[in-house]
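First comes the structure, then the notes that go with it.
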Amino acid sequence: MRVLQTEALIPVIEKLCIKACCELNDNVMDAFRKAVENEESPIGKKALEIIVENGEFAKKEQLPCCHDTGVAVVLLECGQEVAWEGMPLEDAVNEGVRRGYTNGYLRKSVVADPLNRENTNDNTLAMLHVEIVPGDQVKVTVMPKGGGSENMGAFKVLLPGDGKEGVKQFLLETVAKVGGNPCPPYIIGIGIGGTMDTCAWMAKKALLRPIGEHNPNPYYAELEKEFLEAVNKSGVGPIGMGGTVTALDVHIDYHGVHITALPVAINFQCNAARQASEVI
Amino acid sequence: MERDVQLPLTKEFVKPLKVGDVLYLSGYVYTCRDAAHKRIQDLLEAGEESPLDWTNQLVYYAGPCPPQPGQVFNSNGPTTAARMDPFVEMMFKLGVVAFLGKGDRAPYVADLCKKYGGVSLLGVGGASAINAARIKSAEVVLYPELGTESIKKLYFDRFRVIVGIDTEGNVLQKQEVAKYKRD
């Protein structure tokens with residue numbers, strides 16, 4: 001066993017919160033630059049140029065690329081040969097988020113309870129996911145998730161017989177309904193199958209996959225290409241101001257499912273597609 | 001059409017604007033979003049006056065990041081305007097001439113722009129870092145306890161916006177999305 005102190009997570013998460021908010025990675029920036037070339041609408045093209053300029057400026061000046069620095073979604077992919085010592089792991093994660101959002105001058109966008117709505121003023125609690133994987137290392141990922149795109153997510157349980165066409169129809173209906181609100185060009189994460197919880201998490205986690213990388217299952221990889229093409233025919237375009245680049249990519253993950261069900265979750269990742277990882 | 005505009009706006013000035021016009025705004029604006037709108041609504045419903053004079057003002061739907069040391073203002077950008085749709089008529093009645101937000105609005109907002117002779121403006125959602133450099137002064141004028149949601153008076157220095165809904169009730173997205181929709 002490799003023994004790790006939970007306190008070691010604190011500075012790592014602090015750093016990742018700030019890095020993710022201020023620096024869009026090359027994969028995302030390259031996708032924007034390609035989109036500038038492909039976009040047919042002059043208004044859309046100009047919006048994309050501004051998004052590229054903003055990403056470069058944010059990194060150079062170390063400013064949050066988007067003012068909505070979101071809720072901190074934290075994923076720990078924890079090797080099964082790791083044993084933890086120290087303070088409760090969840091507390092360490094939240095302390096990292098607290099320090100990152102405070103010391104990084106990031107916006108505090110979390111209220112303590114959804115009905116009484118008092119701001120926690122330090123952006124805790126994080127949305128923590130822990131997955132046990134082979135090995136003795138821990139991959140820490142921070143994904144700040146803004147409200148504009150998160151609020152446009154959708155979940156529906158289709159009938160098994162609705163099949164691929166049913167999923168596509170649900171996707172295109174959702175894209176048309178949400179229009180420019182999730183700040184296109186966005187990435188779409190789709191979870192298909194599992195139970196309600198598994199399905200929604202697959203949709204979210206799929207957003208972490210690099211743009212241009214497809215599901216290893218060729219059937220689903222083809223589906224991703226087909227869906228992307230269909231979404232980009234919607235006309236929504238950059239920032240919803242019309243155009244041919246609405247989505248940068250569509251990522252699907254699937255899971256075994258009950259014989260009666262076809263659950264589908266759709267999660268949007270706005271153009272501020274922020275994520276940062278470090279392996280401990 | 002692109003042009004430089006000095007704030008405050010007037011109804012006479014905004015009347016001929018057309019969807020798609022690009023404006024570089026300079027002058028004072030107020031930020032106001034969900035929680036502050038609700039407070040103003042509660043005051044008016046209680047028979048009280050608005051704590052601010054909104055005549056000819058531009059309401060910027062924004063919740064910025066807190067300033068870094070030595071910085072006038074941090075990353076800021078328009079938030080989803082649709083959440084403030086229910087407050088549009090109230091603000092028009094108080095004298096507001098323009099709103100600045102992002103995303104699509106309810107169809108009735110276009111009718112209200114026509115009725116009151118105001119406009120709804122759009123920024124580029126997500127591109128908030130470059131806007132930090134466009135703010136030359138910032139002051140919290142109301143509800144400091146709301147943090148990012150307080151009402152702030154900002155001085156814009158050539159802040160780029162695009163007309164999303166004009167005084168005839170035309171909607172930019174409706175026109176533009178139809179052009180690029182493929183069957």
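Here, A, B, ... name the chains of the structure tokens in the order displayed, residue numbers run from 1 inside each chain, and ligands are numbered from 1 in the same displayed order.
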Stretch 226-232 of chain A environment, 9 Å, only C-alpha atoms, sequence neighbours closer than 5 positions dropped, as a short mmCIF file (atom, residue, chain, number, x, y, z; two decimals) with C-alpha atoms, in the first residue's frame:
```
data_model
loop_
_atom_site.label_atom_id
_atom_site.label_comp_id
_atom_site.auth_asym_id
_atom_site.auth_seq_id
_atom_site.Cartn_x
_atom_site.Cartn_y
_atom_site.Cartn_z
CA LYS A 168 -31.18 11.86 -31.38
CA LEU A 171 -30.89 15.77 -28.21
CA LEU A 172 -32.04 17.96 -31.09
CA VAL A 175 -30.48 21.92 -28.48
CA ALA A 176 -33.30 23.89 -30.12
CA ILE A 188 -22.22 18.02 -25.30
CA ALA A 221 -18.01 6.80 -32.09
CA GLY A 237 -24.18 29.01 -33.85
CA GLY A 243 -24.09 29.98 -37.46
CA THR A 244 -22.67 26.63 -38.35
CA VAL A 245 -20.52 25.91 -35.28
CA THR A 246 -22.87 25.23 -32.38
CA ALA A 247 -21.00 22.32 -30.80
CA LEU A 248 -17.26 21.61 -30.80
CA ASP A 249 -17.90 17.95 -30.09
CA VAL A 250 -20.39 15.39 -28.81
CA LYS B 181 -30.53 26.17 -40.05
CA ARG B 182 -30.15 23.20 -42.42
CA ASP B 183 -32.62 20.36 -42.85
#
```
Exercise. What are the residues of chain A that have an atom within 7 Å of an atom of chain B, counting only C-alpha atoms, as JSON, numbers by chain?
Worked result: {"A": [47, 50, 51, 54, 57, 58, 63, 64, 65, 66, 67, 105, 106, 107, 148, 179, 180, 181, 183, 233, 234, 235, 236, 239, 240, 241, 242, 243, 244, 271, 272]}
For this session: Do a neighbour search on B:Gly27 at 9 Å with only C-alpha atoms, toss out local chain neighbours closer than 6 positions, and write the hits as a ChimeraX atom specification.
Result: /B:5-8,154-158
Could you write out the selected residues, including C-alpha atoms, as a PDB file, in the first residue's frame?
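Written output follows (out_15.pdb):
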```
ATOM      1  CA  VAL B   5     -21.653  55.562 -28.114  1.00  0.00           C
ATOM      2  CA  GLN B   6     -21.501  57.833 -25.070  1.00  0.00           C
ATOM      3  CA  LEU B   7     -23.786  56.903 -22.161  1.00  0.00           C
ATOM      4  CA  PRO B   8     -26.367  57.608 -20.870  1.00  0.00           C
ATOM      5  CA  LEU B 154     -19.272  50.935 -13.430  1.00  0.00           C
ATOM      6  CA  TYR B 155     -17.590  53.164 -15.946  1.00  0.00           C
ATOM      7  CA  PHE B 156     -17.404  51.446 -19.327  1.00  0.00           C
ATOM      8  CA  ASP B 157     -14.566  52.331 -21.674  1.00  0.00           C
ATOM      9  CA  ARG B 158     -15.580  51.145 -25.154  1.00  0.00           C
TER      10      ARG B 158
END
```
For this session: as a list in words, list the residues of stretch 67-99 of chain A assigned to strand (DSSP E or B) by DSSP on the backbone atoms of this structure.
Result: Val71, Ala72, Val73, Val74, Leu75, Leu76, Glu77, Cys78, Gly79, Val82, Ala83, Trp84 and Glu85 of chain A
Selection export as an mmCIF file, in the first residue's frame, atoms kept: C-alpha atoms:
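Output file result.cif is given in full below:
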```cif
data_model
loop_
_atom_site.group_PDB
_atom_site.id
_atom_site.type_symbol
_atom_site.label_atom_id
_atom_site.label_comp_id
_atom_site.auth_asym_id
_atom_site.auth_seq_id
_atom_site.Cartn_x
_atom_site.Cartn_y
_atom_site.Cartn_z
ATOM 1 C CA VAL A 71 -19.157 25.139 -8.810
ATOM 2 C CA ALA A 72 -16.030 23.032 -8.384
ATOM 3 C CA VAL A 73 -16.622 19.536 -9.671
ATOM 4 C CA VAL A 74 -13.766 17.455 -8.268
ATOM 5 C CA LEU A 75 -12.956 13.974 -9.495
ATOM 6 C CA LEU A 76 -10.510 11.762 -7.629
ATOM 7 C CA GLU A 77 -9.454 8.694 -9.582
ATOM 8 C CA CYS A 78 -7.892 6.897 -6.689
ATOM 9 C CA GLY A 79 -5.603 3.895 -7.094
ATOM 10 C CA VAL A 82 -3.547 3.879 -1.902
ATOM 11 C CA ALA A 83 -4.344 4.106 1.800
ATOM 12 C CA TRP A 84 -5.394 7.480 3.171
ATOM 13 C CA GLU A 85 -4.403 9.011 6.501
#
```
For this session: Identify all residues of chain B in alpha helix (DSSP H) (DSSP on the backbone) and supply them as an NGL selection string.
Result: :B and (11-14 or 34-45 or 88-93 or 107-116 or 129-132 or 172-180)
For this session: Determine, counting only C-alpha atoms, which protein, DNA and RNA residues have an atom within 8 Å of an atom of B:Val119; residues of the same chain fewer than 3 positions away are not included. Present the result as a ChimeraX atom specification.
Result: /B:14,97-99,113,163-167
Can you spit out the residues from that selection as an mmCIF file, in the first residue's frame, using N, CA and C atoms?
```cif
data_model
loop_
_atom_site.group_PDB
_atom_site.id
_atom_site.type_symbol
_atom_site.label_atom_id
_atom_site.label_comp_id
_atom_site.auth_asym_id
_atom_site.auth_seq_id
_atom_site.Cartn_x
_atom_site.Cartn_y
_atom_site.Cartn_z
ATOM 1 N N VAL B 14 -31.915 55.321 -28.941
ATOM 2 C CA VAL B 14 -32.008 53.876 -29.219
ATOM 3 C C VAL B 14 -33.055 53.548 -30.288
ATOM 4 N N VAL B 97 -33.541 52.152 -20.192
ATOM 5 C CA VAL B 97 -33.628 52.222 -21.651
ATOM 6 C C VAL B 97 -33.022 50.975 -22.310
ATOM 7 N N ALA B 98 -32.056 50.343 -21.625
ATOM 8 C CA ALA B 98 -31.387 49.194 -22.246
ATOM 9 C C ALA B 98 -30.936 48.181 -21.202
ATOM 10 N N PHE B 99 -30.947 46.929 -21.623
ATOM 11 C CA PHE B 99 -30.446 45.829 -20.798
ATOM 12 C C PHE B 99 -29.283 45.182 -21.538
ATOM 13 N N CYS B 113 -39.965 45.674 -25.412
ATOM 14 C CA CYS B 113 -39.009 46.610 -26.014
ATOM 15 C C CYS B 113 -39.740 47.545 -26.980
ATOM 16 N N VAL B 163 -26.705 44.754 -30.661
ATOM 17 C CA VAL B 163 -28.135 44.913 -30.382
ATOM 18 C C VAL B 163 -28.845 43.582 -30.633
ATOM 19 N N GLY B 164 -29.496 43.055 -29.589
ATOM 20 C CA GLY B 164 -30.183 41.757 -29.677
ATOM 21 C C GLY B 164 -31.666 41.888 -29.934
ATOM 22 N N ILE B 165 -32.280 42.889 -29.320
ATOM 23 C CA ILE B 165 -33.702 43.186 -29.581
ATOM 24 C C ILE B 165 -33.794 44.690 -29.779
ATOM 25 N N ASP B 166 -34.394 45.110 -30.900
ATOM 26 C CA ASP B 166 -34.507 46.552 -31.155
ATOM 27 C C ASP B 166 -35.893 47.061 -30.775
ATOM 28 N N THR B 167 -36.104 48.355 -30.978
ATOM 29 C CA THR B 167 -37.353 48.980 -30.508
ATOM 30 C C THR B 167 -38.559 48.595 -31.366
#
```
Exercise. Rounded to one decimal in Å, what is the spacing between atom CA of A:Asn25 and atom CA of A:Val138?
Worked result: 20.9 Å
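Between atom CA of A:Asn27 and atom CA of A:Ile211 the interatomic distance comes to 6.5 Å.
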Exercise. Looking at B:Arg83, B:Lys93, B:Lys115, B:Lys38, which one is nearest to B:Ser150, with distances taken over only C-alpha atoms?
Worked result: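 Of B:Arg83, B:Lys93, B:Lys115, B:Lys38, the one nearest B:Ser150 is B:Lys38, counting only C-alpha atoms.
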For this session: Name the closest residue to B:Gln57 among the candidates B:Pro16, B:Gly169, B:Gly118, B:Gly101; distances are taken between atoms, counting only C-alpha atoms.
Result: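 Smallest separation from B:Gln57 among the options: B:Gly118.
Taking atom CA of B:Cys32 and atom CA of B:Glu45 as endpoints, the distance between them is 18.3 Å.
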For this session: Can you work out which one of A:Met29, A:Glu95, A:Gly212, A:Gln137 has the shortest atom-to-atom distance to A:Leu48, counting only C-alpha atoms?
Result: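 Result for the nearest residue to A:Leu48: A:Met29.
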Problem set entry | Residue neighbourhood A:Ile259, 10 Å, only C-alpha atoms, exclusion window fewer than 2 positions, as a PyMOL selection string | chain A and resi 159-160+256-257+261-262
